[in-house]
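Undergrad: Structure file start_19.txt, compact mmCIF, C-alpha atoms, is pasted below:
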```txt
# COMPACT_ATOMS: atom_id res chain seq x y z
CA MET A 1 45.68 0.51 59.42
CA GLU A 2 48.65 2.75 58.62
CA THR A 3 52.17 1.45 58.97
CA ARG A 4 53.11 4.16 61.47
CA THR A 5 50.21 3.16 63.71
CA LYS A 6 51.19 -0.50 63.50
CA ARG A 7 54.74 0.37 64.49
CA ARG A 8 53.60 2.38 67.51
CA LEU A 9 51.31 -0.43 68.67
CA THR A 10 54.14 -2.92 68.24
CA ASN A 11 56.55 -0.76 70.23
CA GLY A 12 53.96 -0.38 72.98
CA ALA A 13 53.50 -4.15 73.18
CA ILE A 14 57.29 -4.62 73.36
CA GLY A 15 57.49 -2.11 76.19
CA LEU A 16 54.78 -3.94 78.13
CA LEU A 17 56.54 -7.27 77.64
CA PHE A 18 59.79 -5.98 79.14
CA LEU A 19 57.87 -4.19 81.89
CA PHE A 20 56.13 -7.44 82.88
CA SER A 21 59.40 -9.37 82.74
CA GLY A 22 60.89 -6.96 85.27
CA ILE A 23 57.80 -7.19 87.49
CA GLU A 24 57.86 -10.99 87.41
CA TYR A 25 61.47 -11.18 88.53
CA ALA A 26 61.00 -8.69 91.36
CA VAL A 27 57.52 -9.49 92.67
CA ILE A 28 58.56 -12.83 94.20
CA LEU A 29 61.76 -11.62 95.85
CA PRO A 30 60.21 -10.36 99.12
CA THR A 31 58.21 -13.57 99.76
CA ILE A 32 59.93 -16.53 98.13
CA TRP A 33 62.13 -17.24 101.17
CA ALA A 34 59.17 -17.47 103.53
CA TYR A 35 57.24 -19.40 100.86
CA LEU A 36 59.97 -22.06 100.76
CA GLU A 37 59.97 -22.24 104.55
CA THR A 38 56.25 -23.08 104.54
CA LEU A 39 57.05 -25.92 102.11
CA LYS A 40 59.82 -27.16 104.46
CA ALA A 41 62.50 -26.65 101.83
CA GLU A 42 66.21 -26.59 102.56
CA PRO A 43 67.89 -23.15 102.52
CA TYR A 44 69.74 -23.86 99.27
CA PHE A 45 66.41 -24.09 97.46
CA LEU A 46 66.29 -20.30 97.54
CA GLY A 47 69.36 -20.13 95.32
CA LEU A 48 68.08 -22.93 93.13
CA GLY A 49 64.71 -21.27 92.65
CA LEU A 50 66.16 -17.91 91.65
CA SER A 51 68.88 -19.36 89.41
CA ALA A 52 66.51 -21.84 87.70
CA PHE A 53 64.61 -18.92 86.15
CA SER A 54 67.78 -17.52 84.58
CA PHE A 55 69.15 -20.93 83.63
CA SER A 56 66.18 -21.91 81.47
CA GLY A 57 66.21 -18.44 79.92
CA LEU A 58 69.89 -18.93 79.08
CA ILE A 59 69.02 -22.09 77.16
CA ALA A 60 65.83 -20.85 75.53
CA GLY A 61 67.13 -17.42 74.43
CA PRO A 62 69.63 -18.56 71.76
CA ILE A 63 67.24 -21.23 70.45
CA LEU A 64 64.26 -18.93 70.04
CA GLY A 65 66.52 -16.17 68.72
CA HIS A 66 67.93 -18.50 66.07
CA ILE A 67 64.44 -19.52 64.98
CA SER A 68 63.45 -15.86 64.73
CA ASP A 69 66.51 -15.04 62.62
CA ARG A 70 65.76 -17.91 60.27
CA SER A 71 62.07 -17.13 59.85
CA TRP A 72 62.13 -13.31 60.30
CA ARG A 73 58.92 -13.69 62.30
CA THR A 74 58.70 -12.89 65.99
CA LYS A 75 54.99 -12.78 66.84
CA PRO A 76 54.38 -16.57 66.86
CA ILE A 77 57.55 -17.08 68.90
CA ILE A 78 56.52 -14.48 71.48
CA LEU A 79 53.06 -16.04 71.81
CA PHE A 80 54.66 -19.46 72.23
CA ALA A 81 57.12 -18.20 74.87
CA ASN A 82 54.39 -16.43 76.82
CA LEU A 83 52.58 -19.75 77.26
CA PHE A 84 55.52 -20.92 79.39
CA GLU A 85 55.23 -17.76 81.48
CA ILE A 86 51.54 -18.41 82.09
CA VAL A 87 52.00 -22.09 82.94
CA GLY A 88 55.09 -21.47 85.08
CA ASN A 89 53.44 -18.80 87.20
CA PHE A 90 50.33 -20.94 87.67
CA MET A 91 52.58 -23.75 88.92
CA TYR A 92 54.14 -21.26 91.35
CA PHE A 93 50.65 -20.35 92.53
CA MET A 94 49.73 -24.01 93.15
CA GLY A 95 52.65 -24.50 95.55
CA TYR A 96 52.13 -28.13 96.52
CA SER A 97 55.80 -28.86 97.12
CA LYS A 98 59.25 -27.37 96.91
CA TRP A 99 59.94 -29.35 93.73
CA LEU A 100 56.87 -27.94 92.03
CA LEU A 101 58.03 -24.44 92.93
CA LEU A 102 61.49 -25.17 91.50
CA GLY A 103 59.90 -26.54 88.34
CA SER A 104 57.69 -23.48 88.05
CA ARG A 105 60.70 -21.20 87.87
CA LEU A 106 62.32 -23.42 85.25
CA VAL A 107 59.19 -23.35 83.08
CA ALA A 108 58.64 -19.61 83.48
CA GLY A 109 62.25 -18.90 82.58
CA ILE A 110 61.75 -20.36 79.11
CA GLY A 111 59.44 -17.45 78.37
CA THR A 112 62.29 -14.99 78.80
CA GLY A 113 63.73 -16.32 75.55
CA ALA A 114 61.29 -14.02 73.76
CA GLY A 115 63.62 -11.16 74.66
CA ALA A 116 66.20 -12.43 72.16
CA CYS A 117 63.57 -12.34 69.41
CA ILE A 118 62.60 -8.81 70.40
CA PHE A 119 66.18 -7.54 70.18
CA GLY A 120 66.55 -9.17 66.79
CA TYR A 121 63.39 -7.43 65.61
CA LEU A 122 64.59 -4.08 66.96
CA THR A 123 67.92 -4.52 65.21
CA ARG A 124 66.21 -5.18 61.89
CA SER A 125 63.67 -2.37 62.22
CA THR A 126 65.88 0.48 63.46
CA SER A 127 68.69 2.44 61.91
CA THR A 128 72.18 2.50 63.38
CA GLY A 129 71.69 6.03 64.70
CA GLU A 130 68.54 5.31 66.69
CA ARG A 131 69.34 1.75 67.80
CA ALA A 132 71.12 2.71 71.04
CA THR A 133 68.21 4.93 72.06
CA VAL A 134 65.63 2.23 71.37
CA PHE A 135 67.59 -0.39 73.31
CA ALA A 136 68.01 2.01 76.24
CA VAL A 137 64.27 2.73 76.35
CA VAL A 138 63.45 -0.99 76.24
CA MET A 139 65.82 -1.77 79.09
CA ALA A 140 64.45 1.20 81.02
CA ALA A 141 60.99 -0.42 80.75
CA ARG A 142 62.36 -3.60 82.35
CA GLN A 143 64.08 -1.55 85.03
CA ALA A 144 60.75 0.15 85.76
CA GLY A 145 59.29 -3.33 86.27
CA LEU A 146 62.07 -4.18 88.71
CA LEU A 147 61.27 -0.94 90.53
CA ILE A 148 57.51 -1.38 90.92
CA GLY A 149 57.48 -5.19 91.14
CA PRO A 150 58.13 -5.46 94.88
CA GLY A 151 55.54 -2.74 95.49
CA PHE A 152 52.74 -5.04 94.34
CA ASN A 153 53.28 -7.07 97.50
CA LEU A 154 51.86 -4.14 99.46
CA PHE A 155 48.38 -5.35 98.47
CA LEU A 156 49.13 -8.95 97.48
CA ARG A 157 50.14 -9.67 101.08
CA LEU A 158 46.55 -8.92 102.10
CA CYS A 159 45.14 -11.81 100.04
CA ASN A 160 43.68 -14.62 102.11
CA PHE A 161 40.96 -16.64 100.39
CA ASN A 162 40.34 -19.88 98.54
CA LEU A 163 40.08 -20.24 94.77
CA GLY A 164 38.63 -23.68 94.27
CA PRO A 165 41.11 -26.19 95.69
CA PHE A 166 43.89 -23.59 95.83
CA LYS A 167 44.78 -21.31 98.70
CA VAL A 168 45.45 -17.66 97.79
CA ASN A 169 47.67 -16.02 100.38
CA LYS A 170 50.63 -13.65 100.53
CA TYR A 171 52.97 -16.39 99.27
CA THR A 172 50.96 -17.81 96.36
CA SER A 173 49.29 -14.57 95.19
CA PRO A 174 52.35 -13.31 93.24
CA GLY A 175 52.14 -16.40 91.02
CA LEU A 176 48.42 -15.90 90.36
CA PHE A 177 48.95 -12.19 89.76
CA MET A 178 51.66 -12.74 87.16
CA CYS A 179 49.66 -15.53 85.53
CA LEU A 180 46.85 -13.03 84.94
CA MET A 181 49.26 -10.34 83.76
CA TRP A 182 50.88 -12.64 81.18
CA THR A 183 47.45 -13.76 80.00
CA ILE A 184 46.50 -10.12 79.41
CA LEU A 185 49.77 -9.56 77.58
CA GLN A 186 49.04 -12.59 75.39
CA VAL A 187 45.86 -10.88 74.20
CA ILE A 188 47.72 -7.60 73.68
CA ILE A 189 50.36 -9.33 71.55
CA ILE A 190 47.67 -10.94 69.40
CA PHE A 191 45.95 -7.64 68.58
CA MET A 192 48.74 -5.05 68.86
CA TYR A 193 51.95 -6.73 67.69
CA TYR A 194 52.75 -6.79 63.97
CA ASP A 195 55.57 -8.42 62.04
CA LEU A 196 56.25 -5.73 59.46
CA PRO A 197 57.87 -7.46 56.45
CA LEU A 198 60.46 -6.15 54.03
CA VAL A 199 58.97 -5.13 50.70
CA PRO A 200 60.63 -4.18 47.37
CA VAL A 201 60.45 -0.61 46.09
CA ASP A 202 60.74 -0.10 42.32
CA ASN A 203 63.60 -2.63 41.99
CA CYS A 204 65.98 -0.08 43.48
CA LYS A 205 66.23 -1.52 46.96
CA VAL A 206 64.25 -3.67 49.34
CA VAL A 207 63.46 -1.70 52.46
CA SER A 208 61.29 -2.30 55.47
CA VAL A 209 57.83 -0.83 55.58
CA GLU A 210 58.62 1.47 58.46
CA GLU A 211 61.76 2.82 56.73
CA GLU A 212 59.69 3.46 53.62
CA GLU A 213 57.19 5.34 55.78
CA GLU A 214 59.71 7.53 57.57
CA GLU A 215 62.33 8.19 54.88
CA PRO A 216 61.25 7.06 51.41
CA LEU A 217 64.23 6.48 49.17
CA ILE A 218 62.21 6.61 45.96
CA GLY A 219 59.24 8.77 45.10
CA GLY A 220 56.71 8.38 42.33
CA VAL A 221 57.36 7.35 38.75
CA GLY A 222 58.31 10.85 37.76
CA ASP A 223 60.84 11.34 40.50
CA SER A 224 63.81 10.05 38.53
CA SER A 225 66.53 11.89 40.40
CA ARG A 226 66.07 10.12 43.71
CA CYS A 227 65.66 6.77 42.02
CA SER A 228 68.91 7.20 40.08
CA THR A 229 70.67 8.25 43.29
CA ALA A 230 69.52 5.09 45.06
CA ILE A 231 70.62 2.96 42.12
CA GLU A 232 74.04 4.61 42.02
CA HIS A 233 74.37 3.99 45.76
CA ASP A 234 73.59 0.31 45.21
CA LYS A 235 76.14 0.11 42.41
CA SER A 236 78.86 1.62 44.57
CA HIS A 237 78.45 -1.18 47.09
CA VAL A 238 78.25 -4.06 44.59
CA PRO A 239 81.32 -5.65 43.01
CA PRO A 240 81.22 -5.42 39.21
CA THR A 241 80.18 -8.54 37.31
CA SER A 242 80.27 -9.58 33.70
CA GLU A 243 76.47 -9.61 33.64
CA THR A 244 76.23 -5.83 34.05
CA VAL A 245 74.71 -4.61 30.82
CA GLY A 246 72.38 -1.79 31.84
CA GLU A 247 72.04 0.96 34.33
CA ASN A 248 69.70 -0.97 36.62
CA SER A 249 71.13 -4.45 36.17
CA ALA A 250 73.48 -4.26 39.16
CA ALA A 251 70.68 -3.11 41.44
CA ASP A 252 68.31 -5.76 40.12
CA GLU A 253 70.81 -8.51 40.84
CA ASP A 254 71.06 -7.63 44.52
CA HIS A 255 68.86 -7.68 47.57
CA TYR A 256 68.84 -5.94 50.93
CA ILE A 257 69.92 -7.77 54.04
CA PRO A 258 68.46 -6.48 57.37
CA ASN A 259 71.88 -5.94 58.96
CA GLY A 260 72.64 -3.19 56.47
CA HIS A 261 74.80 -5.06 53.95
CA ILE A 262 74.11 -5.69 50.28
CA GLU A 263 75.23 -9.02 48.94
CA ASP A 264 74.99 -10.83 45.65
CA SER A 265 71.66 -12.49 45.00
CA LYS A 266 73.35 -15.88 44.66
CA THR A 267 74.56 -15.82 48.27
CA ASN A 268 72.75 -17.54 51.06
CA ASN A 269 69.86 -15.69 52.74
CA ASN A 270 70.73 -17.29 56.06
CA PRO A 271 71.60 -14.55 58.62
CA PHE A 272 74.38 -16.84 59.90
CA HIS A 273 76.05 -17.00 56.48
CA ASN A 274 79.80 -16.42 56.92
CA PHE A 275 79.18 -15.92 60.65
CA SER A 276 82.13 -16.68 62.90
CA ALA A 277 81.48 -16.83 66.63
CA ALA A 278 85.18 -16.60 67.42
CA LYS A 279 85.58 -13.50 65.28
CA GLU A 280 82.50 -11.75 66.68
CA TYR A 281 82.61 -12.63 70.36
CA LEU A 282 86.36 -12.74 71.05
CA ARG A 283 87.02 -9.17 70.05
CA GLU A 284 88.53 -7.11 72.83
CA GLU A 285 85.65 -4.67 73.22
CA VAL A 286 83.06 -7.48 73.22
CA VAL A 287 84.95 -9.46 75.86
CA VAL A 288 85.20 -6.37 78.08
CA VAL A 289 81.49 -5.61 77.81
CA LEU A 290 80.41 -9.20 78.45
CA THR A 291 82.77 -9.53 81.42
CA ALA A 292 81.50 -6.30 82.98
CA GLN A 293 77.91 -7.43 82.45
CA PHE A 294 78.62 -10.82 84.02
CA ILE A 295 80.27 -9.31 87.10
CA THR A 296 77.45 -6.81 87.57
CA LEU A 297 74.67 -9.37 87.31
CA PHE A 298 76.55 -11.91 89.44
CA ASN A 299 76.97 -9.46 92.30
CA GLN A 300 73.40 -8.21 91.99
CA THR A 301 71.76 -11.64 92.05
CA ALA A 302 74.04 -12.85 94.85
CA LEU A 303 72.97 -9.89 96.99
CA GLU A 304 69.28 -10.35 96.13
CA THR A 305 69.48 -14.02 97.10
CA MET A 306 71.00 -13.59 100.54
CA VAL A 307 69.45 -10.30 101.63
CA THR A 308 66.01 -11.73 102.51
CA PRO A 309 67.30 -14.43 104.92
CA MET A 310 69.68 -11.90 106.46
CA THR A 311 67.00 -9.29 107.11
CA GLN A 312 64.73 -11.94 108.58
CA LYS A 313 67.44 -13.25 110.92
CA TYR A 314 68.99 -9.98 112.09
CA PHE A 315 66.15 -7.44 111.73
CA ASN A 316 63.05 -9.65 111.84
CA PHE A 317 61.81 -8.18 108.54
CA GLY A 318 58.54 -9.44 107.09
CA GLU A 319 56.97 -9.14 103.63
CA LEU A 320 56.13 -5.45 104.04
CA GLU A 321 59.61 -4.41 105.12
CA ASN A 322 61.29 -6.47 102.42
CA SER A 323 58.98 -5.05 99.74
CA LEU A 324 59.80 -1.49 100.76
CA MET A 325 63.52 -2.31 100.86
CA TYR A 326 63.48 -3.78 97.35
CA CYS A 327 61.53 -0.77 96.08
CA MET A 328 64.14 1.59 97.47
CA CYS A 329 66.91 -0.49 95.88
CA GLY A 330 65.04 -0.33 92.58
CA VAL A 331 64.82 3.45 92.77
CA GLU A 332 68.53 3.75 93.49
CA GLU A 333 69.43 1.38 90.66
CA GLY A 334 66.87 2.60 88.15
CA PHE A 335 67.51 6.33 88.41
CA PRO A 336 70.91 6.25 86.61
CA LEU A 337 69.50 4.05 83.84
CA CYS A 338 66.44 6.24 83.29
CA SER A 339 68.67 9.32 83.28
CA ALA A 340 70.97 7.75 80.71
CA SER A 341 67.99 6.77 78.54
CA LEU A 342 66.60 10.32 78.68
CA TRP A 343 70.03 11.71 77.81
CA LEU A 344 70.31 9.40 74.81
CA VAL A 345 66.88 10.46 73.54
CA CYS A 346 67.73 14.15 73.89
CA PHE A 347 71.15 13.68 72.31
CA SER A 348 69.80 11.74 69.34
CA ARG A 349 67.22 14.43 68.62
CA SER A 350 69.34 17.51 69.22
CA TRP A 351 72.69 16.37 67.77
CA ALA A 352 72.32 13.20 65.75
CA CYS A 353 69.55 14.56 63.52
CA PRO A 354 71.37 17.77 62.48
CA LEU A 355 74.57 15.80 61.91
CA SER A 356 72.94 13.02 59.90
CA PRO A 357 73.18 14.83 56.51
CA TYR A 358 76.91 15.32 57.00
CA LEU A 359 77.35 11.71 58.09
CA LYS A 360 75.48 10.52 55.00
CA TYR A 361 77.66 12.78 52.83
CA LEU A 362 80.82 11.28 54.30
CA TYR A 363 79.39 7.82 53.84
CA PHE A 364 78.63 8.29 50.14
CA GLN A 365 82.09 9.75 49.55
CA LYS A 366 83.68 6.41 50.42
```
Would you mind writing the structure in this file as structure tokens?
TA:
Amino acid sequence: METRTKRRLTNGAIGLLFLFSGIEYAVILPTIWAYLETLKAEPYFLGLGLSAFSFSGLIAGPILGHISDRSWRTKPIILFANLFEIVGNFMYFMGYSKWLLLGSRLVAGIGTGAGACIFGYLTRSTSTGERATVFAVVMAARQAGLLIGPGFNLFLRLCNFNLGPFKVNKYTSPGLFMCLMWTILQVIIIFMYYDLPLVPVDNCKVVSVEEEEEEPLIGGVGDSSRCSTAIEHDKSHVPPTSETVGENSAADEDHYIPNGHIEDSKTNNNPFHNFSAAKEYLREEVVVVLTAQFITLFNQTALETMVTPMTQKYFNFGELENSLMYCMCGVEEGFPLCSASLWLVCFSRSWACPLSPYLKYLYFQK
């Protein structure tokens, strides 16, 4: 199979994963309050159930992301994380007690840690110019899941049958539905997701397979001009050493790091080498972005938590009305994001591509 085909299949699998993650978060919102009432749970269990999903994801994300950065492999980690999604949603479907429901959200939240691995993979496999567009498209896929997730309750609320010892109704059916969806995604990941490794090219530079496919730095044996250009570029970024005796010795002594930097071969391959959390995360622009993101998500989840009890108390809304309300909120929230994603795609193709030769020229003049 060609590398370009593998990359497209991998991107499609990534899009489905983020789509399903958005659906899972949104599909339970219209019914979880009534579900807890049938289990005779206290009102605060609604907040606990929704926050437990994010809490376990908060813990699992950095751990799984660190393992992915150390191993440079994401497929086994994604398959492992999806098992928690399958088990957690099946526990939600069982619904024997309020504690089992709370535990189901904790278990399912661990599966969201796969998102950290995905972003690490996208960072390693995309150039700086296209990275913002790729991230926007991925987040747009999750937003699409948040949009259509509540709509699945339009037919899930009609379920009323027994599956062995378990009762399938409008409250438990979202858990069974997402358990099946994550099982299907598990099969898709196995056959469609590929970890494309970094491979060396003629001792000039080590590039990823997809970069070699799209923009080869070095041609055949006879194409000496491009090879010498790549070697000169490597030399310009490598500090001179006493071991430099030939034209290619500086390039041979170095290797390519996925974040775009070339370091001496004697340095540590660990992605966290010389990493300083204080230096990276306490910069002014990073603090502003993280604070804005925190405030946005805090207000959004607080509203999503209290809106269902309020509509039930003051407007006597049921599952159908709440599902339609969440769908309309998803449309209102998702339209700006989808528009921004489309604008980024158009901008990158109409402006970034024509400007890229000039940007490369300025870069090599440094």
Undergrad: Can you tell me how far atom CA of A:Gly15 sits from atom CA of A:Arg124, in Å to one decimal?
TA: 17.0 Å
Undergrad: One decimal, Å: what's the distance from atom CA of A:Pro309 over to atom CA of A:Leu106, could you say?
TA: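 Distance reported for this atom pair: 22.2 Å.
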Undergrad: Mind pulling up the distance from atom CA of A:Leu146 to atom CA of A:Met328?
TA: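 Taking atom CA of A:Met328 as the start and atom CA of A:Leu146 as the end point, the length is 10.7 Å.
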Undergrad: Write out as a VMD selection string the residues lying within 7 Å of stretch 9-11 of chain A, counting all atoms listed in the file and excluding same-chain residues fewer than 3 positions away.
TA: chain A and resid 5 to 6 14 to 15 192 to 194
Undergrad: Between A:Phe18, A:Trp99, A:Phe155, A:Glu284, which is the closest to A:Phe135 once you count all atoms listed in the file?
TA: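 Result for the nearest residue to A:Phe135: A:Phe18.
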Undergrad: Leaving out A:Leu324 and any residue of its chain fewer than 6 positions from it, which residues lie within 12 Å of it when counting only C-alpha atoms, given as a list in words?
TA: Ala26, Val27, Leu29, Pro30, Leu147, Ile148, Gly149, Pro150, Gly151, Phe152, Asn153, Leu154, Phe317, Gly318, Gly330 and Val331 of chain A
Undergrad: Could you check which of A:Lys98, A:Lys279, A:Ala144, A:Glu2 is closest to A:Glu37, using all atoms listed in the file?
TA: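 The closest residue to A:Glu37 is A:Lys98.
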Undergrad: At a cut-off of 7 Å, using only C-alpha atoms, what residues contact A:Ile110? Leave out same-chain residues fewer than 4 positions from it and give the result as a PyMOL selection string.
TA: chain A and resi 56-57+60+81+84+106
Undergrad: Export, as a CSV table (one decimal), in the coordinates of the input, the selected residues with C-alpha atoms.
TA:
```csv
chain,number,residue,atom,x,y,z
A,56,SER,CA,66.2,-21.9,81.5
A,57,GLY,CA,66.2,-18.4,79.9
A,60,ALA,CA,65.8,-20.8,75.5
A,81,ALA,CA,57.1,-18.2,74.9
A,84,PHE,CA,55.5,-20.9,79.4
A,106,LEU,CA,62.3,-23.4,85.2
```
Undergrad: For A:Gly115, please output as a count of residues only all residues within 12 Å (counting all atoms listed in the file; exclusion window: fewer than 2 positions along the same chain).
TA: 40
